[in-house]
Every structure is written in structure tokens, then in C-alpha cells.
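Worksheet: one structure, shown below.
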Amino acid sequence: MANDHSTFTLNGETIARIRDALLIGLAAFGEIERLSAVQEIRAMKGKPVKKDLRVIHPTGASDTVSRFADALRTLG
């Protein structure tokens, strides 16, 4: 299968909006990680969070932060 490497140009405003969206996503991901750690600590202390209040990891992937970094790096 051939790779389609289309080239296009983004203007400064578009890049700024994409960068802002990526930073919001990265901050949200950090908050999910923080809340997940709190859940783990509570569980270890015998005080688990109720099932309907548990944070669910949106990606379940270990490379999420790297993917955000790659996207930001690509924008320059």
C-alpha cells in the first residue's frame, strides 16, 4: 500500500488554535492521571472510590503523552 504524504500549509492562527487544543488535551490527560493515582492510593488504604465515580482512562495507552509531544513538536 502506497503512503499518501499530502503536504499543506497552516497559517499562524490555525497553528495557535491546534497548539491550544493540544495543551488543553494534555492538561486534561494530566488530571485524569492524577485522579487515577488518588483512586489507587484510596484502594490500597481500603477506601476504594465508588464504581460510578471512578475515573476511566480515555485511551488506555501508555504512549499518550508522547503522542501529544510529537504533535506539538510537529507544529514547531
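We label chains A, B, ... in the order they appear in the C-alpha cells, count residues from 1 in each chain, and number ligands from 1 in the order shown.
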
**Item:** Residues within 10 Å of Phe29 in chain A, only C-alpha atoms, excluding chain neighbours under 4 positions, as a PyMOL selection string
**Value:** chain A and resi 23-25+33-35+57-59+64-65+68

**Request:** For CA of Asp63 in chain A and CA of Val38 in chain A, quote the distance in Å rounded to one decimal.
**Result:** 20.8 Å

**Request:** Just the helix (DSSP H, G or I) stuff from chain A, please, per backbone DSSP, written as number ranges by chain.
**Result:** A: 12-44, 51-53, 64-75

**Message:** Using only C-alpha atoms for the distances, tell me which of A:Thr9, A:Thr14, A:Pro48, A:Leu72 is nearest to Ser36 in chain A.
**Reply:**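 The closest residue to Ser36 in chain A is A:Pro48.
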
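Relative to CA of Glu31 in chain A, CA of Arg17 in chain A is found at 21.2 Å.
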
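Those residues that approach Leu22 in chain A to within 12 Å, counting only C-alpha atoms, are A:Ile15, A:Ala16, A:Arg17, A:Ile18, A:Leu26, A:Ala27, A:Ala28, A:Phe29, A:Thr64, A:Val65, A:Ser66, A:Arg67, A:Phe68, A:Ala69, A:Asp70, A:Ala71, A:Leu72, A:Arg73, A:Thr74, A:Leu75; same-chain residues fewer than 4 positions away are not listed.
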
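CA of Arg19 in chain A is positioned 25.0 Å from CA of Ile56 in chain A.
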